[in-house]
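As provided, input_20.tsv (TSV, C-alpha atoms) reads as follows.
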```tsv
chain	number	residue	atom	x	y	z
Z	1	MET	CA	-16.69	-27.95	-21.19
Z	2	LYS	CA	-16.31	-26.62	-17.64
Z	3	ILE	CA	-13.54	-24.01	-17.76
Z	4	LEU	CA	-11.99	-22.59	-14.61
Z	5	GLN	CA	-10.89	-19.00	-15.36
Z	6	ILE	CA	-8.41	-17.64	-12.80
Z	7	ASN	CA	-7.23	-14.04	-12.38
Z	8	LYS	CA	-6.19	-12.16	-9.25
Z	9	TYR	CA	-8.42	-9.16	-10.02
Z	10	PHE	CA	-12.15	-9.51	-10.66
Z	11	TYR	CA	-12.74	-5.95	-11.78
Z	12	LEU	CA	-11.44	-3.83	-14.66
Z	13	LYS	CA	-8.00	-2.90	-13.36
Z	14	GLY	CA	-6.18	-3.03	-16.71
Z	15	GLY	CA	-5.86	-4.64	-20.11
Z	16	ALA	CA	-5.46	-8.15	-18.70
Z	17	GLU	CA	-8.79	-7.89	-16.91
Z	18	ARG	CA	-10.51	-6.50	-19.99
Z	19	TYR	CA	-9.30	-9.53	-21.93
Z	20	TYR	CA	-10.28	-11.85	-19.06
Z	21	PHE	CA	-13.89	-10.70	-18.96
Z	22	ASP	CA	-14.20	-10.57	-22.75
Z	23	LEU	CA	-12.86	-14.13	-22.93
Z	24	CYS	CA	-15.27	-15.40	-20.27
Z	25	ALA	CA	-18.17	-13.87	-22.22
Z	26	LEU	CA	-16.92	-15.36	-25.49
Z	27	LEU	CA	-16.63	-18.85	-24.03
Z	28	GLU	CA	-20.08	-18.65	-22.42
Z	29	LYS	CA	-21.54	-17.49	-25.74
Z	30	ASN	CA	-20.15	-20.68	-27.28
Z	31	GLY	CA	-21.85	-22.91	-24.72
Z	32	HIS	CA	-19.10	-23.46	-22.15
Z	33	GLU	CA	-19.60	-23.23	-18.40
Z	34	ILE	CA	-17.26	-20.70	-16.79
Z	35	ILE	CA	-16.13	-21.05	-13.19
Z	36	HIS	CA	-14.44	-17.94	-11.77
Z	37	PHE	CA	-11.64	-17.86	-9.21
Z	38	SER	CA	-10.09	-14.65	-7.93
Z	39	GLN	CA	-9.32	-12.83	-4.67
Z	40	ALA	CA	-11.98	-11.11	-2.60
Z	41	ASP	CA	-12.11	-7.36	-3.13
Z	42	SER	CA	-14.68	-4.63	-2.58
Z	43	ASN	CA	-14.24	-3.56	-6.23
Z	44	ASN	CA	-15.17	-6.99	-7.61
Z	45	PHE	CA	-17.96	-7.57	-10.09
Z	46	TYR	CA	-20.62	-10.10	-9.20
Z	47	SER	CA	-19.71	-13.77	-9.46
Z	48	ALA	CA	-21.70	-16.82	-8.43
Z	49	TYR	CA	-18.38	-18.23	-7.16
Z	50	SER	CA	-17.32	-15.28	-4.98
Z	51	SER	CA	-17.78	-17.30	-1.77
Z	52	PHE	CA	-14.72	-19.30	-2.85
Z	53	PHE	CA	-12.52	-16.22	-3.35
Z	54	PRO	CA	-9.74	-15.99	-0.72
Z	55	LYS	CA	-9.29	-12.81	1.32
Z	56	THR	CA	-5.49	-12.98	1.18
Z	57	LYS	CA	-4.26	-9.74	-0.36
Z	58	TYR	CA	-0.54	-10.15	-0.88
Z	59	ARG	CA	1.83	-13.12	-0.71
Z	60	PHE	CA	5.27	-13.65	-2.21
Z	61	PHE	CA	5.76	-17.38	-2.51
Z	62	TRP	CA	2.69	-19.26	-1.31
Z	63	SER	CA	-0.84	-18.87	0.05
Z	64	TRP	CA	-2.34	-21.72	2.05
Z	65	GLU	CA	-5.72	-20.00	2.21
Z	66	THR	CA	-5.84	-19.63	-1.56
Z	67	ALA	CA	-4.89	-23.27	-2.10
Z	68	ARG	CA	-7.53	-24.44	0.38
Z	69	LYS	CA	-10.29	-22.30	-1.16
Z	70	LEU	CA	-9.46	-23.48	-4.67
Z	71	GLU	CA	-9.49	-27.10	-3.57
Z	72	VAL	CA	-13.00	-26.68	-2.13
Z	73	LEU	CA	-14.17	-25.06	-5.39
Z	74	ILE	CA	-12.68	-27.88	-7.49
Z	75	LYS	CA	-14.27	-30.61	-5.41
Z	76	LYS	CA	-17.69	-28.98	-5.72
Z	77	ASN	CA	-17.60	-27.88	-9.38
Z	78	LYS	CA	-15.19	-30.36	-11.04
Z	79	PRO	CA	-13.73	-28.21	-13.87
Z	80	ASP	CA	-12.34	-29.88	-16.99
Z	81	ILE	CA	-9.55	-27.39	-17.60
Z	82	ALA	CA	-8.04	-24.30	-15.97
Z	83	HIS	CA	-7.04	-21.10	-17.73
Z	84	VAL	CA	-4.72	-18.96	-15.62
Z	85	HIS	CA	-4.03	-15.26	-16.14
Z	86	LEU	CA	-2.44	-12.98	-13.50
Z	87	ILE	CA	-1.73	-14.80	-10.23
Z	88	TYR	CA	1.64	-13.44	-9.02
Z	89	HIS	CA	1.94	-12.07	-5.47
Z	90	HIS	CA	-1.74	-12.59	-4.70
Z	91	LEU	CA	-3.10	-16.02	-5.65
Z	92	THR	CA	0.49	-17.31	-6.02
Z	93	PRO	CA	1.65	-20.58	-7.67
Z	94	SER	CA	0.07	-22.42	-4.73
Z	95	ILE	CA	-2.99	-22.78	-6.96
Z	96	LEU	CA	-0.94	-24.60	-9.60
Z	97	ALA	CA	-0.03	-27.34	-7.15
Z	98	VAL	CA	-3.74	-27.84	-6.36
Z	99	LEU	CA	-4.63	-28.05	-10.06
Z	100	LYS	CA	-1.83	-30.59	-10.52
Z	101	LYS	CA	-3.12	-32.63	-7.60
Z	102	TYR	CA	-6.55	-32.95	-9.23
Z	103	LYS	CA	-5.04	-33.61	-12.69
Z	104	ILE	CA	-6.61	-30.54	-14.25
Z	105	PRO	CA	-4.73	-29.35	-17.37
Z	106	VAL	CA	-3.55	-25.75	-17.12
Z	107	VAL	CA	-3.25	-23.07	-19.79
Z	108	MET	CA	-1.67	-19.72	-18.92
Z	109	THR	CA	-1.99	-16.51	-20.94
Z	110	VAL	CA	1.14	-14.38	-20.62
Z	111	HIS	CA	-0.07	-10.82	-20.11
Z	112	ASP	CA	3.29	-9.45	-18.97
Z	113	TYR	CA	6.88	-10.59	-18.46
Z	114	LYS	CA	6.72	-11.61	-14.78
Z	115	LEU	CA	7.62	-15.21	-15.66
Z	116	ILE	CA	11.05	-14.01	-16.78
Z	117	CYS	CA	11.46	-10.50	-15.33
Z	118	PRO	CA	11.23	-9.61	-11.61
Z	119	ASN	CA	9.56	-6.25	-12.27
Z	120	TYR	CA	7.13	-7.61	-14.90
Z	121	SER	CA	8.16	-5.27	-17.71
Z	122	LEU	CA	11.67	-5.89	-19.13
Z	123	TYR	CA	12.10	-2.18	-18.50
Z	124	THR	CA	14.08	-0.32	-15.84
Z	125	GLN	CA	15.90	2.96	-15.33
Z	126	GLY	CA	14.26	4.49	-18.37
Z	127	ALA	CA	15.11	1.80	-20.93
Z	128	PRO	CA	14.25	-1.77	-22.00
Z	129	CYS	CA	16.30	-4.34	-20.09
Z	130	GLU	CA	17.27	-7.99	-20.53
Z	131	ARG	CA	19.91	-8.23	-17.79
Z	132	CYS	CA	18.04	-11.05	-16.03
Z	133	CYS	CA	18.19	-13.26	-19.13
Z	134	GLN	CA	18.93	-16.93	-18.36
Z	135	HIS	CA	17.95	-16.55	-14.68
Z	136	LYS	CA	20.38	-13.80	-13.63
Z	137	TYR	CA	17.81	-12.35	-11.25
Z	138	TYR	CA	20.47	-10.82	-8.99
Z	139	GLN	CA	20.58	-8.07	-11.60
Z	140	CYS	CA	17.21	-6.90	-10.28
Z	141	ALA	CA	18.74	-6.21	-6.86
Z	142	ALA	CA	21.90	-4.70	-8.33
Z	143	HIS	CA	19.88	-2.17	-10.33
Z	144	ARG	CA	17.07	-1.61	-7.78
Z	145	CYS	CA	14.39	-2.51	-10.32
Z	146	ILE	CA	11.58	-2.68	-7.74
Z	147	LYS	CA	10.63	0.81	-6.53
Z	148	ASP	CA	14.29	1.85	-6.59
Z	149	SER	CA	14.88	-0.24	-3.44
Z	150	TYR	CA	17.72	-2.71	-2.83
Z	151	ILE	CA	15.66	-4.56	-0.21
Z	152	LYS	CA	12.45	-4.90	-2.25
Z	153	SER	CA	14.39	-5.76	-5.38
Z	154	GLY	CA	16.41	-8.37	-3.50
Z	155	LEU	CA	13.27	-10.02	-2.09
Z	156	VAL	CA	11.68	-10.27	-5.51
Z	157	ALA	CA	14.92	-11.65	-6.97
Z	158	LEU	CA	14.88	-14.35	-4.26
Z	159	GLU	CA	11.26	-15.10	-5.13
Z	160	MET	CA	12.22	-15.58	-8.76
Z	161	TYR	CA	15.07	-17.93	-7.83
Z	162	GLY	CA	12.70	-19.90	-5.59
Z	163	HIS	CA	10.11	-20.40	-8.31
Z	164	LYS	CA	12.82	-21.28	-10.80
Z	165	ILE	CA	14.41	-23.89	-8.49
Z	166	PHE	CA	11.05	-25.53	-7.81
Z	167	LYS	CA	9.85	-25.00	-11.41
Z	168	SER	CA	6.60	-23.61	-10.01
Z	169	TYR	CA	5.31	-22.64	-13.43
Z	170	GLU	CA	7.17	-24.89	-15.87
Z	171	LYS	CA	6.18	-28.20	-14.31
Z	172	ASN	CA	2.58	-27.22	-13.51
Z	173	ILE	CA	1.48	-25.41	-16.68
Z	174	ASN	CA	0.84	-27.41	-19.82
Z	175	ILE	CA	0.69	-24.58	-22.37
Z	176	PHE	CA	1.75	-20.93	-22.19
Z	177	ILE	CA	-0.23	-18.68	-24.54
Z	178	ALA	CA	1.75	-15.69	-25.83
Z	179	PRO	CA	-0.34	-12.91	-27.41
Z	180	SER	CA	2.38	-12.06	-29.93
Z	181	GLU	CA	5.41	-13.50	-31.69
Z	182	PHE	CA	7.54	-10.93	-29.89
Z	183	ALA	CA	6.40	-12.12	-26.47
Z	184	LYS	CA	7.03	-15.73	-27.47
Z	185	ALA	CA	10.56	-14.90	-28.63
Z	186	GLU	CA	11.35	-13.20	-25.31
Z	187	LEU	CA	10.04	-16.16	-23.30
Z	188	ILE	CA	12.23	-18.53	-25.32
Z	189	LYS	CA	15.26	-16.25	-25.02
Z	190	PHE	CA	14.89	-16.29	-21.24
Z	191	GLY	CA	14.67	-20.08	-21.04
Z	192	LEU	CA	11.07	-21.27	-21.49
Z	193	SER	CA	10.61	-24.28	-23.75
Z	194	GLU	CA	9.41	-23.36	-27.23
Z	195	ASN	CA	7.33	-26.54	-27.33
Z	196	LYS	CA	5.15	-25.25	-24.48
Z	197	ILE	CA	4.38	-21.85	-26.03
Z	198	LYS	CA	1.50	-21.17	-28.41
Z	199	VAL	CA	0.88	-17.76	-30.01
Z	200	ILE	CA	-2.76	-16.68	-29.97
Z	201	ASN	CA	-3.37	-12.98	-30.58
Z	202	HIS	CA	-5.86	-11.11	-28.45
Z	203	PHE	CA	-9.18	-10.13	-30.01
Z	204	ALA	CA	-11.63	-7.26	-29.98
Z	205	ASN	CA	-15.36	-7.12	-30.36
Z	206	VAL	CA	-16.26	-4.66	-33.09
Z	207	ASN	CA	-19.12	-2.87	-31.37
Z	208	HIS	CA	-19.07	0.10	-33.72
Z	209	ALA	CA	-19.93	-1.66	-36.98
Z	210	ASP	CA	-22.33	1.07	-38.05
Z	211	THR	CA	-20.12	3.98	-37.03
Z	212	PRO	CA	-19.26	5.95	-40.18
Z	213	ALA	CA	-15.58	6.63	-40.76
Z	214	LYS	CA	-14.75	10.27	-40.23
Z	215	THR	CA	-11.69	12.41	-39.68
Z	216	GLY	CA	-11.32	14.21	-36.36
Z	217	ASP	CA	-9.22	17.21	-35.45
Z	218	TYR	CA	-6.99	15.99	-32.60
Z	219	LEU	CA	-4.57	13.22	-31.63
Z	220	LEU	CA	-5.54	10.99	-28.73
Z	221	TYR	CA	-3.58	8.94	-26.22
Z	222	PHE	CA	-5.55	6.71	-23.87
Z	223	GLY	CA	-4.36	4.25	-21.28
Z	224	ARG	CA	-2.20	4.09	-18.18
Z	225	ILE	CA	-0.04	7.14	-17.47
Z	226	ALA	CA	3.28	5.60	-16.43
Z	227	ASP	CA	6.93	6.44	-17.03
Z	228	ASN	CA	7.33	3.65	-19.60
Z	229	LYS	CA	4.44	4.73	-21.82
Z	230	GLY	CA	6.47	7.35	-23.66
Z	231	LEU	CA	4.20	10.32	-22.99
Z	232	ASP	CA	7.14	12.49	-21.92
Z	233	LYS	CA	8.78	11.84	-25.30
Z	234	LEU	CA	5.54	12.60	-27.15
Z	235	LEU	CA	5.21	15.92	-25.32
Z	236	HIS	CA	8.83	16.80	-26.05
Z	237	ALA	CA	8.24	16.10	-29.75
Z	238	LEU	CA	5.29	18.49	-29.73
Z	239	TYR	CA	7.40	21.06	-27.91
Z	240	ILE	CA	10.41	21.10	-30.25
Z	241	SER	CA	8.36	20.81	-33.43
Z	242	LYS	CA	5.83	23.51	-32.50
Z	243	LEU	CA	3.11	21.36	-34.07
Z	244	SER	CA	-0.23	23.10	-33.84
Z	245	CYS	CA	-2.41	20.01	-33.61
Z	246	LYS	CA	-4.29	19.31	-30.40
Z	247	LEU	CA	-3.40	16.31	-28.22
Z	248	LYS	CA	-5.82	14.80	-25.72
Z	249	ILE	CA	-4.62	12.43	-23.00
Z	250	ALA	CA	-7.16	10.12	-21.36
Z	251	GLY	CA	-6.26	8.02	-18.34
Z	252	SER	CA	-4.59	8.11	-14.97
Z	253	GLY	CA	-1.56	6.62	-13.31
Z	254	PRO	CA	1.55	7.22	-11.18
Z	255	TYR	CA	3.23	9.50	-13.73
Z	256	LEU	CA	0.35	11.96	-14.02
Z	257	SER	CA	1.93	14.75	-11.94
Z	258	GLU	CA	5.14	14.59	-14.03
Z	259	ILE	CA	3.13	14.80	-17.25
Z	260	ARG	CA	1.15	17.75	-15.92
Z	261	LYS	CA	4.42	19.51	-15.02
Z	262	LEU	CA	5.87	18.89	-18.50
Z	263	ILE	CA	2.78	20.39	-20.12
Z	264	ILE	CA	3.26	23.54	-18.04
Z	265	ASP	CA	7.04	23.70	-18.54
Z	266	TYR	CA	6.72	23.27	-22.30
Z	267	HIS	CA	3.82	25.76	-22.49
Z	268	LEU	CA	1.75	23.21	-24.40
Z	269	ASN	CA	-1.61	24.94	-24.52
Z	270	ASN	CA	-2.71	22.46	-27.17
Z	271	VAL	CA	-2.57	19.49	-24.76
Z	272	GLU	CA	-5.63	18.53	-22.71
Z	273	LEU	CA	-5.72	16.06	-19.81
Z	274	LEU	CA	-9.08	14.29	-19.74
Z	275	GLY	CA	-8.51	12.09	-16.68
Z	276	HIS	CA	-10.05	8.65	-16.33
Z	277	LEU	CA	-13.00	8.08	-18.68
Z	278	ASN	CA	-15.71	5.46	-18.60
Z	279	THR	CA	-16.22	3.27	-21.67
Z	280	ALA	CA	-18.87	5.48	-23.29
Z	281	GLU	CA	-16.84	8.66	-22.76
Z	282	LEU	CA	-13.68	7.04	-24.08
Z	283	ASN	CA	-15.43	5.72	-27.19
Z	284	LYS	CA	-16.69	9.23	-27.88
Z	285	GLN	CA	-13.15	10.62	-27.67
Z	286	ILE	CA	-11.80	7.89	-29.96
Z	287	ALA	CA	-14.55	8.61	-32.49
Z	288	GLY	CA	-13.58	12.29	-32.60
Z	289	ALA	CA	-9.84	11.75	-33.06
Z	290	MET	CA	-7.93	11.83	-36.33
Z	291	ALA	CA	-5.40	9.29	-35.03
Z	292	ILE	CA	-4.48	7.41	-31.87
Z	293	VAL	CA	-0.91	7.70	-30.59
Z	294	VAL	CA	0.75	4.76	-28.80
Z	295	PRO	CA	4.20	6.09	-27.80
Z	296	SER	CA	5.00	3.21	-25.46
Z	297	VAL	CA	8.73	2.66	-24.93
Z	298	VAL	CA	8.21	-0.51	-22.89
Z	299	TRP	CA	8.07	-3.74	-24.91
Z	300	GLU	CA	4.33	-4.42	-24.96
Z	301	THR	CA	3.30	-8.08	-25.10
Z	302	PHE	CA	0.46	-7.03	-27.41
Z	303	GLY	CA	-1.46	-3.73	-27.65
Z	304	LEU	CA	-5.22	-3.84	-27.03
Z	305	THR	CA	-5.31	-0.05	-27.40
Z	306	VAL	CA	-4.53	-0.50	-31.09
Z	307	LEU	CA	-7.50	-2.83	-31.58
Z	308	GLU	CA	-9.81	-0.40	-29.80
Z	309	ALA	CA	-8.69	2.30	-32.24
Z	310	TYR	CA	-9.19	0.04	-35.26
Z	311	ALA	CA	-12.72	-0.78	-34.11
Z	312	GLN	CA	-13.66	2.85	-34.74
Z	313	ASN	CA	-11.86	3.24	-38.08
Z	314	LYS	CA	-8.92	5.06	-36.50
Z	315	ILE	CA	-5.31	4.70	-37.54
Z	316	VAL	CA	-2.50	4.39	-34.99
Z	317	ILE	CA	0.87	6.11	-34.74
Z	318	ALA	CA	2.97	3.73	-32.65
Z	319	HIS	CA	6.50	3.43	-31.36
Z	320	GLN	CA	8.33	0.66	-33.21
Z	321	SER	CA	8.94	-1.60	-30.23
Z	322	GLY	CA	7.70	-4.84	-28.70
Z	323	ALA	CA	4.67	-6.39	-30.34
Z	324	LEU	CA	3.35	-3.14	-31.83
Z	325	PRO	CA	4.93	-3.66	-35.31
Z	326	GLU	CA	2.95	-6.92	-35.57
Z	327	ILE	CA	-0.34	-5.04	-35.15
Z	328	VAL	CA	0.32	-1.69	-36.86
Z	329	LYS	CA	0.98	-2.05	-40.58
Z	330	GLU	CA	3.06	0.84	-41.91
Z	331	GLY	CA	1.14	2.97	-44.38
Z	332	GLU	CA	-1.85	0.61	-44.28
Z	333	THR	CA	-3.39	0.80	-40.79
Z	334	GLY	CA	-1.14	3.48	-39.33
Z	335	TYR	CA	2.46	4.56	-38.96
Z	336	LEU	CA	5.48	3.37	-36.97
Z	337	TYR	CA	8.40	5.44	-35.73
Z	338	ALA	CA	11.71	4.71	-34.01
Z	339	SER	CA	12.98	8.21	-33.15
Z	340	GLU	CA	11.67	11.62	-32.15
Z	341	ASN	CA	12.28	13.00	-35.64
Z	342	GLU	CA	10.32	10.12	-37.16
Z	343	LEU	CA	7.47	10.72	-34.70
Z	344	ILE	CA	7.27	14.36	-35.75
Z	345	GLU	CA	7.41	13.29	-39.40
Z	346	LYS	CA	4.53	10.81	-38.96
Z	347	ILE	CA	2.37	13.31	-37.07
Z	348	ASN	CA	2.96	15.84	-39.85
Z	349	LEU	CA	2.02	13.16	-42.38
Z	350	VAL	CA	-1.30	12.65	-40.64
Z	351	ILE	CA	-2.04	16.35	-40.24
Z	352	ASN	CA	-1.24	17.18	-43.86
Z	353	ASN	CA	-3.01	14.21	-45.45
Z	354	LYS	CA	-6.34	14.10	-43.66
Z	355	GLU	CA	-8.10	12.98	-46.83
Z	356	ARG	CA	-6.23	9.65	-46.59
Z	357	LEU	CA	-7.28	8.96	-43.01
Z	358	ILE	CA	-10.73	7.67	-43.88
Z	359	ASN	CA	-9.34	5.06	-46.30
Z	360	LEU	CA	-6.59	4.05	-43.88
Z	361	GLY	CA	-9.13	3.88	-41.05
Z	362	SER	CA	-11.28	1.56	-43.13
Z	363	ASN	CA	-8.22	-0.61	-43.75
Z	364	ALA	CA	-7.62	-0.71	-40.00
Z	365	LYS	CA	-11.13	-1.92	-39.25
Z	366	LYS	CA	-10.96	-4.56	-41.99
Z	367	PHE	CA	-7.62	-5.76	-40.60
Z	368	LEU	CA	-9.24	-6.04	-37.16
Z	369	GLN	CA	-12.27	-7.89	-38.49
Z	370	THR	CA	-10.12	-10.32	-40.46
Z	371	LYS	CA	-7.28	-11.12	-38.06
Z	372	TYR	CA	-8.41	-10.18	-34.56
Z	373	ASN	CA	-12.04	-11.22	-34.52
Z	374	PRO	CA	-13.56	-13.23	-31.64
Z	375	GLU	CA	-14.26	-16.34	-33.74
Z	376	ASN	CA	-10.61	-16.72	-34.79
Z	377	HIS	CA	-9.53	-16.39	-31.19
Z	378	TYR	CA	-12.13	-18.86	-29.96
Z	379	GLN	CA	-11.24	-21.53	-32.51
Z	380	GLN	CA	-7.51	-21.28	-31.76
Z	381	LEU	CA	-8.07	-21.40	-28.02
Z	382	LEU	CA	-10.55	-24.26	-28.30
Z	383	ALA	CA	-7.94	-26.26	-30.21
Z	384	VAL	CA	-5.55	-25.80	-27.27
Z	385	TYR	CA	-8.21	-26.79	-24.75
Z	386	CYS	CA	-9.22	-29.88	-26.72
Z	387	GLY	CA	-5.62	-30.86	-27.23
Z	388	LEU	CA	-5.28	-31.07	-23.45
Z	389	ARG	CA	-8.74	-32.59	-22.90
Z	390	PRO	CA	-9.48	-34.74	-25.97
Z	391	ASP	CA	-12.21	-36.49	-23.98
Z	392	GLN	CA	-14.25	-33.26	-23.90
Z	393	PRO	CA	-16.42	-31.96	-26.78
```
Here is a file; write its structure as structure tokens.
Amino acid sequence: MKILQINKYFYLKGGAERYYFDLCALLEKNGHEIIHFSQADSNNFYSAYSSFFPKTKYRFFWSWETARKLEVLIKKNKPDIAHVHLIYHHLTPSILAVLKKYKIPVVMTVHDYKLICPNYSLYTQGAPCERCCQHKYYQCAAHRCIKDSYIKSGLVALEMYGHKIFKSYEKNINIFIAPSEFAKAELIKFGLSENKIKVINHFANVNHADTPAKTGDYLLYFGRIADNKGLDKLLHALYISKLSCKLKIAGSGPYLSEIRKLIIDYHLNNVELLGHLNTAELNKQIAGAMAIVVPSVVWETFGLTVLEAYAQNKIVIAHQSGALPEIVKEGETGYLYASENELIEKINLVINNKERLINLGSNAKKFLQTKYNPENHYQQLLAVYCGLRPDQP
């Protein structure tokens, strides 16, 4: 099957791109031909289809250049199906109209909440938010959800109303793939048809099959450093509890200076900022940790960080929000918490029961291998593809 894979970034910008490239590799491994479509960027990886990538960097509603470039690619390569990922504000829904014109079925993986939330996250002003439920996008402007600006928030609210009026996504996408039951429930609550949503969990390649389980001597957070990732709350928990364990933080992001200031203000000499790490360096840090902490206060659509921890026999301490309770099994593959006191309690549990960590870490890897393996993901996704293109093998 010829599968057109579409994402606005063609380099590793975040979790969506990691999934995108892993998926392309998985489909190619199973004999499918992958056709890439993205935007031109100096950071891009190599693609045989890069000559078709538009140079348009940012558009709100529509991009004629993007539509034209995609049409040329379709005419030359004749894909059987299209799988869309992130397209907002760059590739735009203009590509969906082109795919519709050429009668190409479209699947879209929902990596964030942009379909239902103007600022992508269902999070604003320091807390989860559902004010825009049932198309009340004016709430975005009223609460300045985009960069604390009335003007920017108002423009994005207008964009959302425009796409809703013209049904840019609903009428042009055959199946929406939600990575978790939580994400599916939110999409339905905000007005998407349940009949068009299929839950297929993300997957992880277990590249550390021969890595022996061992207990480290520090906690590790890795990922984007943003205000909705809960790092400030994690640091405050360490501060008030006077826990002696070491915490390492790997990653970068817009909230880094605030986190650095909190570390100084709280006199947390046991916290180390590692900065951005490459894959090999990050894997080494994960291998040396006793547990991975995911303190995210935003409602994650999934949680690839958890799978990366499981791949190296590491348990996860996660905030009980979003999709995380679907992935972290209390007392089996890690621990969940809902309050600062519970977080302190769970960290203490880990520190004082290190002998249990190896068994729990083994449980975590087995859970990953059983539920989140590439073959499961491929078979579920192939069923969706074939359901839309029964004429294809």
Radius query 12 Å about (18.8, -20.5, -13.0), atoms used: all atoms listed in the file, as a compact mmCIF listing (two decimals) with C-alpha atoms, in the frame of the given file:
```
# COMPACT_ATOMS: atom_id res chain seq x y z
CA ILE Z 116 11.05 -14.01 -16.78
CA CYS Z 132 18.04 -11.05 -16.03
CA CYS Z 133 18.19 -13.26 -19.13
CA GLN Z 134 18.93 -16.93 -18.36
CA HIS Z 135 17.95 -16.55 -14.68
CA LYS Z 136 20.38 -13.80 -13.63
CA TYR Z 137 17.81 -12.35 -11.25
CA TYR Z 138 20.47 -10.82 -8.99
CA ALA Z 157 14.92 -11.65 -6.97
CA LEU Z 158 14.88 -14.35 -4.26
CA MET Z 160 12.22 -15.58 -8.76
CA TYR Z 161 15.07 -17.93 -7.83
CA GLY Z 162 12.70 -19.90 -5.59
CA HIS Z 163 10.11 -20.40 -8.31
CA LYS Z 164 12.82 -21.28 -10.80
CA ILE Z 165 14.41 -23.89 -8.49
CA PHE Z 166 11.05 -25.53 -7.81
CA LYS Z 167 9.85 -25.00 -11.41
CA PHE Z 190 14.89 -16.29 -21.24
CA GLY Z 191 14.67 -20.08 -21.04
CA LEU Z 192 11.07 -21.27 -21.49
```
Practice task
Using atom CA of Z:Lys57 and atom CA of Z:Ser168 as the two end points, give the distance in Å to one decimal.
Solution key: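 Atom CA of Z:Ser168 lies at a distance of 20.1 Å from atom CA of Z:Lys57.
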Handout entry: Selected residue of minimal separation from Z:Val98 among Z:Ile286, Z:Ala318, Z:Ile344, Z:Ala82, counting only C-alpha atoms
Key =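 Under the stated criterion, the closest residue is Z:Ala82.
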Problem - Gap from atom CA of Z:His32 to atom CA of Z:Met1 - Å, one decimal - result: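 Straight-line distance from atom CA of Z:His32 to atom CA of Z:Met1 works out to 5.2 Å.
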Handout entry: Among listed residues Z:Glu258, Z:Leu238, Z:Ile188, Z:Phe222, nearest Z:Thr279 (using only C-alpha atoms)
Key =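 Comparing Z:Glu258, Z:Leu238, Z:Ile188, Z:Phe222 against Z:Thr279, the winner is Z:Phe222.
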Practice task
Do a neighbour search on Z:Ser42 at 12 Å with all atoms listed in the file, toss out local chain neighbours closer than 6 positions, and write the hits as a ChimeraX atom specification.
Solution key: /Z:9-11,50,53,55,57
Write a file of the selected residues as a tab-separated table (two decimals), in the coordinates of the input, keeping C-alpha atoms.
```tsv
chain	number	residue	atom	x	y	z
Z	9	TYR	CA	-8.42	-9.16	-10.02
Z	10	PHE	CA	-12.15	-9.51	-10.66
Z	11	TYR	CA	-12.74	-5.95	-11.78
Z	50	SER	CA	-17.32	-15.28	-4.98
Z	53	PHE	CA	-12.52	-16.22	-3.35
Z	55	LYS	CA	-9.29	-12.81	1.32
Z	57	LYS	CA	-4.26	-9.74	-0.36
```
Exercise for the section: May I have the residues within 10 Å of Z:Gly126 as a PyMOL selection string, using all atoms listed in the file and disregarding those fewer than 6 positions away in the same chain? Expected result: chain Z and resi 227-228+230+297-298
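Around Z:Pro128, within 12 Å and counting all atoms listed in the file, the residues found are Cys117, Asn119, Tyr120, Ser121, Leu122, Tyr123, Thr124, Cys132, Cys145, Asn228, Lys229, Ser296, Val297, Val298, Trp299, Glu300, Ser321 and Gly322 of chain Z, once anything fewer than 4 positions away on its own chain is removed.
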Problem - Between atom CA of Z:Tyr372 and atom CA of Z:Lys196 - distance in Å to one decimal - result: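 Atom-to-atom, atom CA of Z:Lys196 to atom CA of Z:Tyr372, that is 22.6 Å.
Closest approach to Z:Leu336 among Z:Val384, Z:Val350, Z:Leu86, Z:Val316: Z:Val316, based on all atoms listed in the file.
Counting all atoms listed in the file and comparing Z:Leu268, Z:Leu277, Z:Ala250, Z:Ala364, the residue that lies closest to Z:Tyr335 is Z:Ala364.
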Problem - Pick from Z:Pro79, Z:Gly251, Z:Gly387, Z:Pro54, whichever lies nearest to Z:Gln5 using only C-alpha atoms - result: Z:Pro79
Practice task
Take the point (-7.0, -8.8, -21.0) in the file's coordinates, draw a sphere of radius 12 Å around it, and report as a VMD selection string every protein, DNA or RNA residue with an atom inside or on it, counting all atoms listed in the file.
Solution key: chain Z and resid 7 9 to 24 84 to 86 109 to 112 179 201 to 204 301 to 305
Practice task
Can you work out which one of Z:Asn269, Z:Ser241, Z:Gln39, Z:Thr370 has the shortest atom-to-atom distance to Z:Glu345, counting all atoms listed in the file?
Solution key: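 Distance minimum relative to Z:Glu345 lands on Z:Ser241.
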